[in-house]
2 protein chains.
Amino acid sequence: MENTKIPYKIYLEESEMPKSWYNLRADMKNKPAPLLNPATHQPMTAQELSAVFCEELVKQELDNDTAYFEIPQEIRDFYKMYRPSPLVRAYCLEEKLDTPAKIYYKFEGNNTSGSHKLNSAIAQAYYAKKQGLKGVTTETGAGQWGTALSMACSYLDLDCKVYMVKVSYEQKPFRREVMRTYGASVTPSPSMETEVGKKILAAHPGTTGSLGCAISEAVEKAVSSEGYRYVLGSVLNQVLLHQSVIGLETKTALDKYGIKPDIIIGCAGGGSNLGGLIAPFMGEKIKNGADYRIIAVEPASCPSLTRGTYAYDFCDTGMVCPLAKMYTLGSSFIPSPNHAGGLRYHGMSSVLSQLYDDGLMEARSYSQTQVFEAAEYFARVEGILPAPESSHAIRGAIDEALKCKETGEEKTIVFGLTGTGYFDMVAYESFHDGKMTDYIPTDDDIKASIANLPKI
Amino acid sequence: MENTKIPYKIYLEESEMPKSWYNLRADMKNKPAPLLNPATHQPMTAQELSAVFCEELVKQELDNDTAYFEIPQEIRDFYKMYRPSPLVRAYCLEEKLDTPAKIYYKFEGNNTSGSHKLNSAIAQAYYAKKQGLKGVTTETGAGQWGTALSMACSYLDLDCKVYMVKVSYEQKPFRREVMRTYGASVTPSPSMETEVGKKILAAHPGTTGSLGCAISEAVEKAVSSEGYRYVLGSVLNQVLLHQSVIGLETKTALDKYGIKPDIIIGCAGGGSNLGGLIAPFMGEKIKNGADYRIIAVEPASCPSLTRGTYAYDFCDTGMVCPLAKMYTLGSSFIPSPNHAGGLRYHGMSSVLSQLYDDGLMEARSYSQTQVFEAAEYFARVEGILPAPESSHAIRGAIDEALKCKETGEEKTIVFGLTGTGYFDMVAYESFHDGKMTDYIPTDDDIKASIANLPKI
């Protein structure tokens with residue numbers, strides 16, 4: 001193994017941790033399109049948004065000008081419990097691949113929520129608390145976001161109501177127990193607790209639920225309960241803002257050792273991890289023309305960037321939320337069952353959609369089997385069992401490193417390893433048993449759901 | 001929250017990581033009693049042990065004189081993938097308890113095996129590889145050790161055969177899948193793969209297995225297969241030696257900030273984590289009379305130190321292994337079902353037994369419910385979901401901190417947080433649902449099993 005000055009893991013000192021989040025929108029030449037009111041097709045006002053979201057978060061959501069938002073001391077204290085996350089030099093992976101590429105990954109999985117989601121959960125819970133609210137509501141599919149929010153609410157003594165897609169509630173009882181450990185109430189959705197839930201159950205008595213339905217229940221619960229607001233774990237501008245802590249730490253760590261990345265890779269579902277990781281690098285690229293290649297990796301079963309359309313669409317399948325302009329497969333698109341629950345979203349953050357449309361980043365997709373091959377390979381070589389979502393980025397990084405092997409180029413590749421797969425062993429089991437299937441939507445599938453886009 | 005120079009997490013630099021393991025036995029005035037041949041009652045020779053264990057490990061097992069064993073470079077490289085582990089200042093816990101005590105914990109759970117077990121797994125796998133062996137066999141109950149060994153063997157391209165207690169194999173399919181991800185073969189025990197397995201299955205067709213039986217199968221498989229040896233995750237002197245990396249890192253981190261602990265606390269099953277954590281501190285206590293209080297915490301359902309007898313006993317229930325002198329409840333003692341599988345061992349490391357008998361450390365026990373109360377409290381306050389085993393130490397640390405609150409003493413408490421509870425959610429669920437029971441053996445239970453001790 002190579003002997004070098006760069007350690008296996010670069011940890012920042014507490015004093016080097018970011019004191020502000022970076023708002024990439026402030027430096028974007030083409031700003032992301034605003035959210036629209038689904039009834040009037042006019043931009044959502046702060047007042048309209050405040051019925052659903054906390055006030056401070058509404059400000060962050062709508063602010064395309066302020067480049068830096070100070071991170072409140074209480075949140076910085078919480079971050080110190082599990083951050084800085086390590087920037088890992090993948091020496092073992094490089095050796096195994098026999099590549100001249102230098103590979104680094106920012107590992108966000110070393111906290112009990114198991115992913116980067118906690119970075120925004122604590123921020124959103126903090127502002128809810130500061131506003132004097134009693135609690136927050138949310139939905140969760142795979143469960144990472146629900147777990148993160150439960151942890152943040154428990155820390156701040158805030159009530160947390162999670163609507164968990166029924167099929168996940170039943171298939172992932174352990175995720176549910178982690179949330180209960182943190183005092184959250186977890187309700188399988190659809191439920192009899194909300195009007196929309198009752199309506200759906202009446203129409204489809206045997207339904208196992210969907211993320212779209214769980215969102216609708218969580219929103220209804222928030223707006224109909226005194227002292228509650230709704231919070232969301234991805235897609236929104238505010239979430240990307242909070243997640244910029246990932247990219248800022250990464251950049252500080254790289255700068256400390258004089259390392260300039262050539263390629264930055266992240267998985268993309270709603271876009272929060274990728275948007276956070278690339279924020280400061282993209283900012284340099286826009287402002288100074290820095291020549292970073294930035295690559296979003298998405299599942300072939302849900303290819304919003306690579307095969308979607310850039311248009312206004314509903315954020316939820318229930319069509320109750322504001323309209324967002326994004327690369328989308330259509331809000332009626334049903335991704336095939338796959339094990340990267342966190343990437344099964346029909347659209348993409350408006351920020352990332354705009355950057356992609358401006359040609360500032362690339363995108364590619366992989367099938368589930370390709371992703372799990374990379375996941376297992378990585379687990380064996382680097383000792384970390386990755387989440388299925390994160391493994392999309394691993395696959396992308398491995399492929400770039402193998403290209404370097406062909407060309408002999410010593411490129412520096414940085415990718416985001418968003419989380420661990422401890423609660424995804426059913427997926428690994430299906431992979432080991434050769435039972436994993438790769439469903440890729442046909443052009444007709446996508447055409448059909450895109451035909452349902454709202455007419456703006 | 002207090003503003004202080006001491007960070008939330010103390011990480012050592014790579015250059016500060018231990019280059020040698022520390023062999024506490026070299027500094028013990030009363031050496032631990034030797035293993036005895038069960039047939040002759042004579043001390044086991046290196047030659048006898050070499051039929052079962054790797055040669056280099058046999059040397060380490062028998063050496064009571066060499067204070068430091070150099071850690072081979074390959075193992076140090078592997079350690080760098082997941083070590084140094086953080087020494088965490090529990091600021092949030094201190095604040096919540098409102099105690100003047102300063103609490104630190106050494107967190108060993110941030111690796112995919114989820115515990116400290118990997119520290120010895122990689123060492124044992126390395127020496128097996130160096131000896132030119134094809135593979136190793138072992139048993140696993142809760143699955144932490146089996147997972148750690150699978151990871152180490154995968155890294156070194158060594159075959160790994162794990163006999164997993166059948167009831168765990170069936171109840172913990174996810175642990176099994178992690179081992180499969182690392183390429184291990186996992187066999188539910190008892191199995192038809194071994195003579196002893198066949199015999200047990202013939203006598204008890206419906207048995208769900210036991211650790212004792214799984215050990216017997218793993219040992220038989222090792223001695224009957226060309227190029228294989230048996231490895232064990234706790235109890236043995238060699239394992240405590242490897243685990244000294246925990247204590248050495250802890251001491252370096254504390255010394256760096258001029259911190260002297262008053263109380264050091266660890267959970268104790270076979271004793272490997274506690275023995276590793278306390279090694280350098282106990283060495284000072286023996287050599288210089290340093291006044292550390294050292295506390296072993298065990299489950300009330302399996303109280304080997306607090307209610308056992310110091311005598312020679314079999315290490316396994318099948319009575320095929322050498323005899324060890326230890327605090328024991330008798331090898332026929334069956335601990336009640338509880339969720340801290342890693343602490344359900346009838347005996348205790350000979351090193352720790354001797355230290356305890358010499359009055360150099362204390363011991364206490366807690367019921368399962370007391371432990372889970374502490375686990376949930378800790379998870380909510382410090383954000384880490386602890387393993388049931390580790391939570392024994394948490395409970396001990398909280399109780400000591402609460403004593404400081406009463407007396408106003410600013411004691412410094414260090415405890416070992418050995419692992420995470422992601423695969424123990426069934427236990428948490430039973431706790432949340434109020435279904436957890438506390439079985440504590442009666443004096444007659446213990447008297448009965450101790451009556452079966454071998455006559456030496």
# chains A, B, ... in the order shown; residues from 1 in each chain; ligands from 1
>>> interface_residues(of="chain B", to="chain A", cutoff="7 Å", atoms="only C-alpha atoms", output="PyMOL selection string")
chain B and resi 7-8+14+80-81+110-112+151+154-155+174+177+181-182+376+380-381+383-385+422+425+428-429
>>> select_by_dssp(residues="range 109-347 of chain A", states="strand (DSSP E)", output="ChimeraX atom specification")
/A:135-140,159-165,185-189,228-230,263-267,293-299,309-314,323-328
>>> write_last_selection(atoms="N, CA and C atoms", output="compact mmCIF listing (two decimals), in the first residue's frame")
# COMPACT_ATOMS: atom_id res chain seq x y z
N GLY A 135 -44.71 20.69 17.47
CA GLY A 135 -44.16 19.54 16.79
C GLY A 135 -44.18 19.69 15.28
N VAL A 136 -43.71 18.66 14.61
CA VAL A 136 -43.67 18.64 13.15
C VAL A 136 -44.22 17.31 12.64
N THR A 137 -44.65 17.34 11.40
CA THR A 137 -45.10 16.11 10.75
C THR A 137 -44.26 15.90 9.50
N THR A 138 -44.14 14.65 9.12
CA THR A 138 -43.43 14.35 7.88
C THR A 138 -43.85 12.98 7.39
N GLU A 139 -43.36 12.63 6.20
CA GLU A 139 -43.57 11.28 5.70
C GLU A 139 -42.20 10.62 5.58
N THR A 140 -42.20 9.31 5.52
CA THR A 140 -40.94 8.62 5.25
C THR A 140 -41.24 7.36 4.46
N ASP A 159 -42.42 17.31 19.44
CA ASP A 159 -43.19 16.14 19.02
C ASP A 159 -42.94 15.86 17.53
N CYS A 160 -42.93 14.60 17.18
CA CYS A 160 -42.62 14.21 15.79
C CYS A 160 -43.60 13.14 15.34
N LYS A 161 -44.37 13.47 14.32
CA LYS A 161 -45.35 12.51 13.77
C LYS A 161 -44.91 12.10 12.38
N VAL A 162 -44.64 10.84 12.24
CA VAL A 162 -44.13 10.34 10.96
C VAL A 162 -45.19 9.45 10.30
N TYR A 163 -45.52 9.75 9.07
CA TYR A 163 -46.37 8.87 8.28
C TYR A 163 -45.46 8.02 7.40
N MET A 164 -45.50 6.73 7.69
CA MET A 164 -44.58 5.83 6.99
C MET A 164 -45.39 4.99 6.00
N VAL A 165 -44.94 4.98 4.77
CA VAL A 165 -45.62 4.20 3.73
C VAL A 165 -45.87 2.79 4.28
N SER A 185 -43.97 9.26 16.97
CA SER A 185 -45.10 8.39 16.68
C SER A 185 -45.04 8.05 15.20
N VAL A 186 -45.15 6.79 14.90
CA VAL A 186 -45.02 6.33 13.52
C VAL A 186 -46.35 5.69 13.11
N THR A 187 -46.97 6.25 12.09
CA THR A 187 -48.29 5.77 11.65
C THR A 187 -48.17 5.21 10.24
N PRO A 188 -48.65 3.97 10.05
CA PRO A 188 -48.62 3.43 8.69
C PRO A 188 -49.61 4.21 7.83
N SER A 189 -49.19 4.56 6.64
CA SER A 189 -50.02 5.37 5.74
C SER A 189 -50.40 4.58 4.50
N TYR A 228 -48.32 22.91 14.75
CA TYR A 228 -47.53 21.95 13.96
C TYR A 228 -47.21 22.52 12.58
N ARG A 229 -46.10 22.11 12.01
CA ARG A 229 -45.78 22.40 10.63
C ARG A 229 -45.26 21.12 9.98
N TYR A 230 -45.22 21.17 8.66
CA TYR A 230 -44.76 20.03 7.87
C TYR A 230 -43.30 20.25 7.49
N ILE A 263 -13.26 15.31 -10.65
CA ILE A 263 -14.62 14.80 -10.87
C ILE A 263 -15.31 14.69 -9.51
N ILE A 264 -16.54 15.16 -9.42
CA ILE A 264 -17.32 15.05 -8.18
C ILE A 264 -18.62 14.32 -8.52
N ILE A 265 -18.89 13.27 -7.74
CA ILE A 265 -19.98 12.37 -8.09
C ILE A 265 -20.91 12.17 -6.89
N GLY A 266 -22.20 12.21 -7.13
CA GLY A 266 -23.15 11.92 -6.06
C GLY A 266 -24.38 11.25 -6.62
N CYS A 267 -25.08 10.48 -5.76
CA CYS A 267 -26.35 9.91 -6.19
C CYS A 267 -27.40 11.00 -6.12
N ARG A 293 -15.72 18.41 -13.23
CA ARG A 293 -16.81 17.64 -13.84
C ARG A 293 -17.70 17.17 -12.70
N ILE A 294 -18.98 17.42 -12.80
CA ILE A 294 -19.91 17.04 -11.74
C ILE A 294 -20.93 16.08 -12.32
N ILE A 295 -21.07 14.92 -11.67
CA ILE A 295 -21.90 13.85 -12.24
C ILE A 295 -22.96 13.40 -11.24
N ALA A 296 -24.21 13.49 -11.65
CA ALA A 296 -25.33 12.96 -10.87
C ALA A 296 -25.59 11.53 -11.33
N VAL A 297 -25.76 10.62 -10.36
CA VAL A 297 -26.04 9.23 -10.72
C VAL A 297 -27.42 8.87 -10.19
N GLU A 298 -28.27 8.37 -11.08
CA GLU A 298 -29.63 8.03 -10.67
C GLU A 298 -29.96 6.61 -11.07
N PRO A 299 -31.02 6.04 -10.48
CA PRO A 299 -31.37 4.66 -10.84
C PRO A 299 -32.01 4.62 -12.23
N THR A 309 -38.29 15.30 -18.42
CA THR A 309 -38.55 16.56 -19.13
C THR A 309 -38.41 17.71 -18.13
N TYR A 310 -37.91 18.85 -18.61
CA TYR A 310 -37.75 20.00 -17.72
C TYR A 310 -39.03 20.83 -17.79
N ALA A 311 -39.84 20.75 -16.76
CA ALA A 311 -41.15 21.40 -16.82
C ALA A 311 -41.72 21.56 -15.40
N TYR A 312 -42.74 22.39 -15.26
CA TYR A 312 -43.44 22.47 -13.99
C TYR A 312 -44.24 21.20 -13.75
N ASP A 313 -44.18 20.73 -12.48
CA ASP A 313 -44.92 19.51 -12.15
C ASP A 313 -45.32 19.57 -10.69
N PHE A 314 -46.22 18.69 -10.31
CA PHE A 314 -46.55 18.53 -8.89
C PHE A 314 -45.41 17.83 -8.17
N LEU A 323 -46.39 23.60 -7.27
CA LEU A 323 -45.74 23.11 -8.48
C LEU A 323 -44.28 23.56 -8.47
N ALA A 324 -43.40 22.68 -8.90
CA ALA A 324 -41.99 23.03 -9.00
C ALA A 324 -41.53 22.77 -10.42
N LYS A 325 -40.64 23.65 -10.90
CA LYS A 325 -40.06 23.39 -12.22
C LYS A 325 -38.85 22.49 -12.03
N MET A 326 -38.88 21.38 -12.67
CA MET A 326 -37.81 20.40 -12.45
C MET A 326 -37.76 19.39 -13.58
N TYR A 327 -36.65 18.66 -13.65
CA TYR A 327 -36.61 17.49 -14.50
C TYR A 327 -37.51 16.47 -13.85
N THR A 328 -38.48 16.01 -14.60
CA THR A 328 -39.49 15.13 -14.00
C THR A 328 -39.93 14.05 -14.97
>>> residues_around(residues="Ile440 in chain B", least_positions_apart="4", cutoff="12 Å", atoms="only C-alpha atoms", output="list in words")
Pro299, Ala300, Ser301, Cys302, Pro303, Arg307, Ile334, Pro335, Ser336, Pro337, Asn338, Ser365, Tyr366, Ser367, Gln368, Thr369, Asp444, Asp445 and Ile446 of chain B
>>> write_last_selection(atoms="all heavy atoms", output="CSV table (one decimal), in the first residue's frame")
chain,number,residue,atom,x,y,z
B,299,PRO,N,-24.5,-8.5,33.1
B,299,PRO,CA,-25.9,-8.7,33.2
B,299,PRO,C,-26.3,-9.5,34.4
B,299,PRO,O,-25.6,-10.5,34.8
B,299,PRO,CB,-26.3,-9.5,31.9
B,299,PRO,CG,-25.1,-10.0,31.4
B,299,PRO,CD,-23.9,-9.4,32.0
B,300,ALA,N,-27.3,-9.1,35.1
B,300,ALA,CA,-27.8,-9.8,36.3
B,300,ALA,C,-28.2,-11.2,36.0
B,300,ALA,O,-28.2,-12.1,36.9
B,300,ALA,CB,-28.9,-9.0,37.0
B,301,SER,N,-28.5,-11.4,34.7
B,301,SER,CA,-28.9,-12.8,34.3
B,301,SER,C,-27.7,-13.7,34.1
B,301,SER,O,-27.9,-14.9,34.0
B,301,SER,CB,-29.7,-12.7,33.0
B,301,SER,OG,-28.9,-12.1,32.0
B,302,CYS,N,-26.5,-13.2,34.1
B,302,CYS,CA,-25.3,-14.0,33.8
B,302,CYS,C,-24.1,-13.4,34.6
B,302,CYS,O,-23.2,-12.9,34.0
B,302,CYS,CB,-25.0,-14.0,32.3
B,302,CYS,SG,-23.9,-15.3,31.8
B,303,PRO,N,-24.2,-13.4,35.9
B,303,PRO,CA,-23.3,-12.6,36.8
B,303,PRO,C,-22.0,-13.4,37.2
B,303,PRO,O,-21.9,-13.7,38.3
B,303,PRO,CB,-24.2,-12.3,38.0
B,303,PRO,CG,-25.1,-13.5,38.1
B,303,PRO,CD,-25.2,-14.1,36.7
B,307,ARG,N,-21.3,-13.1,41.1
B,307,ARG,CA,-21.9,-14.3,41.8
B,307,ARG,C,-21.3,-15.6,41.5
B,307,ARG,O,-21.7,-16.7,42.0
B,307,ARG,CB,-23.4,-14.3,41.6
B,307,ARG,CG,-24.1,-13.1,42.1
B,307,ARG,CD,-25.6,-13.1,41.8
B,307,ARG,NE,-26.3,-14.2,42.5
B,307,ARG,CZ,-27.5,-14.6,42.1
B,307,ARG,NH1,-28.2,-14.0,41.1
B,307,ARG,NH2,-28.1,-15.6,42.8
B,334,ILE,N,-27.0,-22.1,32.1
B,334,ILE,CA,-27.7,-21.6,31.0
B,334,ILE,C,-28.3,-20.3,31.3
B,334,ILE,O,-29.3,-20.2,32.1
B,334,ILE,CB,-28.9,-22.5,30.5
B,334,ILE,CG1,-28.4,-24.0,30.4
B,334,ILE,CG2,-29.5,-22.0,29.2
B,334,ILE,CD1,-27.7,-24.3,29.2
B,335,PRO,N,-27.7,-19.2,30.8
B,335,PRO,CA,-28.3,-17.9,31.1
B,335,PRO,C,-29.7,-17.8,30.5
B,335,PRO,O,-30.0,-18.3,29.5
B,335,PRO,CB,-27.4,-16.9,30.4
B,335,PRO,CG,-26.3,-17.6,29.7
B,335,PRO,CD,-26.6,-19.1,29.9
B,336,SER,N,-30.6,-17.1,31.2
B,336,SER,CA,-31.9,-16.9,30.7
B,336,SER,C,-31.8,-16.2,29.4
B,336,SER,O,-30.9,-15.4,29.1
B,336,SER,CB,-32.7,-16.1,31.7
B,336,SER,OG,-32.2,-14.8,31.8
B,337,PRO,N,-32.8,-16.3,28.5
B,337,PRO,CA,-32.8,-15.6,27.2
B,337,PRO,C,-32.8,-14.1,27.6
B,337,PRO,O,-33.5,-13.6,28.4
B,337,PRO,CB,-34.2,-15.9,26.6
B,337,PRO,CG,-34.6,-17.2,27.3
B,337,PRO,CD,-34.1,-17.1,28.7
B,338,ASN,N,-31.8,-13.4,27.0
B,338,ASN,CA,-31.8,-12.0,27.1
B,338,ASN,C,-31.2,-11.4,25.8
B,338,ASN,O,-30.7,-12.1,25.0
B,338,ASN,CB,-31.1,-11.5,28.4
B,338,ASN,CG,-29.6,-11.6,28.3
B,338,ASN,OD1,-29.0,-11.2,27.4
B,338,ASN,ND2,-29.0,-12.2,29.4
B,365,SER,N,-23.7,-5.7,38.6
B,365,SER,CA,-24.6,-6.2,37.6
B,365,SER,C,-25.9,-5.4,37.6
B,365,SER,O,-26.3,-4.8,38.6
B,365,SER,CB,-24.9,-7.7,37.8
B,365,SER,OG,-25.8,-7.8,39.0
B,366,TYR,N,-26.5,-5.4,36.4
B,366,TYR,CA,-27.8,-4.7,36.2
B,366,TYR,C,-28.8,-5.6,35.5
B,366,TYR,O,-28.4,-6.5,34.7
B,366,TYR,CB,-27.6,-3.5,35.3
B,366,TYR,CG,-26.9,-2.3,36.0
B,366,TYR,CD1,-25.6,-1.9,35.6
B,366,TYR,CD2,-27.5,-1.7,37.1
B,366,TYR,CE1,-25.0,-0.9,36.2
B,366,TYR,CE2,-26.8,-0.6,37.7
B,366,TYR,CZ,-25.5,-0.2,37.2
B,366,TYR,OH,-24.9,0.8,37.8
B,367,SER,N,-30.0,-5.4,35.8
B,367,SER,CA,-31.1,-6.2,35.1
B,367,SER,C,-31.2,-5.6,33.7
B,367,SER,O,-30.8,-4.5,33.4
B,367,SER,CB,-32.4,-6.1,35.8
B,367,SER,OG,-33.0,-4.8,35.6
B,368,GLN,N,-31.8,-6.4,32.8
B,368,GLN,CA,-32.0,-6.1,31.4
B,368,GLN,C,-32.8,-4.7,31.3
B,368,GLN,O,-32.5,-3.9,30.4
B,368,GLN,CB,-32.7,-7.2,30.8
B,368,GLN,CG,-33.0,-7.1,29.3
B,368,GLN,CD,-33.2,-8.4,28.7
B,368,GLN,OE1,-32.6,-8.8,27.8
B,368,GLN,NE2,-34.2,-9.2,29.1
B,369,THR,N,-33.8,-4.6,32.1
B,369,THR,CA,-34.7,-3.4,32.0
B,369,THR,C,-33.9,-2.2,32.4
B,369,THR,O,-34.0,-1.1,31.8
B,369,THR,CB,-35.9,-3.6,32.9
B,369,THR,OG1,-36.6,-4.8,32.5
B,369,THR,CG2,-36.9,-2.4,32.6
B,444,ASP,N,-29.8,-21.1,44.2
B,444,ASP,CA,-29.8,-22.6,43.9
B,444,ASP,C,-29.4,-22.9,42.5
B,444,ASP,O,-28.7,-23.9,42.2
B,444,ASP,CB,-31.2,-23.1,44.2
B,444,ASP,CG,-31.4,-23.3,45.7
B,444,ASP,OD1,-30.4,-23.2,46.5
B,444,ASP,OD2,-32.6,-23.5,46.2
B,445,ASP,N,-29.9,-22.0,41.5
B,445,ASP,CA,-29.5,-22.2,40.1
B,445,ASP,C,-28.0,-22.2,40.0
B,445,ASP,O,-27.4,-23.1,39.3
B,445,ASP,CB,-30.0,-21.0,39.2
B,445,ASP,CG,-31.5,-21.0,39.1
B,445,ASP,OD1,-32.2,-22.1,39.3
B,445,ASP,OD2,-32.1,-19.9,38.8
B,446,ILE,N,-27.4,-21.3,40.6
B,446,ILE,CA,-25.9,-21.1,40.4
B,446,ILE,C,-25.2,-22.3,41.2
B,446,ILE,O,-24.3,-22.8,40.6
B,446,ILE,CB,-25.5,-19.7,40.9
B,446,ILE,CG1,-26.1,-18.6,40.0
B,446,ILE,CG2,-24.0,-19.6,41.0
B,446,ILE,CD1,-25.8,-17.2,40.5
>>> closest_residue(among="A:Asp443, A:Glu389, A:Glu70, A:Glu193", to="His116 in chain A", atoms="only C-alpha atoms")
A:Glu389
>>> closest_residue(among="A:Gly132, A:Leu97, A:Met319, A:Gly359", to="Lys285 in chain A", atoms="only C-alpha atoms")
A:Gly359
>>> residues_around(residues="Ala142 in chain B", least_positions_apart="2", cutoff="7 Å", atoms="only C-alpha atoms", output="VMD selection string")
chain B and resid 140 144 168 341 to 342
>>> select_by_dssp(residues="range 197-432 of chain A", states="helix (DSSP H, G or I)", output="PyMOL selection string")
chain A and resi 197-203+211-224+237-256+272-288+304-307+341-343+350-357+368-382+388-407+425-432
>>> closest_residue(among="A:Ile75, A:Leu232, A:Val167, A:Met348", to="Lys130 in chain A", atoms="only C-alpha atoms")
A:Ile75
>>> atom_distance(atom1="CA of Gly330 in chain A", atom2="CA of Gly276 in chain A")
24.6 Å
>>> closest_residue(among="A:Lys403, A:Gly434, A:Leu35, A:Ile398", to="Glu94 in chain A", atoms="only C-alpha atoms")
A:Ile398
>>> residues_around(residues="Leu49 in chain A", least_positions_apart="6", cutoff="10 Å", atoms="only C-alpha atoms", output="mmCIF file with C-alpha atoms, in the first residue's frame")
data_model
loop_
_atom_site.group_PDB
_atom_site.id
_atom_site.type_symbol
_atom_site.label_atom_id
_atom_site.label_comp_id
_atom_site.auth_asym_id
_atom_site.auth_seq_id
_atom_site.Cartn_x
_atom_site.Cartn_y
_atom_site.Cartn_z
ATOM 1 C CA LEU A 35 -42.627 27.277 -6.668
ATOM 2 C CA ASN A 37 -49.422 27.980 -6.370
ATOM 3 C CA GLU A 55 -41.255 30.912 8.991
ATOM 4 C CA LEU A 57 -37.439 28.004 6.627
ATOM 5 C CA VAL A 58 -39.783 29.842 4.272
ATOM 6 C CA LYS A 59 -37.294 32.717 4.233
ATOM 7 C CA GLU A 61 -36.650 28.681 0.737
ATOM 8 C CA LEU A 62 -37.374 31.919 -1.088
ATOM 9 C CA PRO A 322 -46.985 23.557 -4.928
#
>>> atom_distance(atom1="CA of Asp98 in chain B", atom2="CA of Gly416 in chain B")
21.2 Å
>>> closest_residue(among="A:Thr412, A:Ser332, A:Ser85, A:Asn64", to="Tyr22 in chain A", atoms="only C-alpha atoms")
A:Asn64
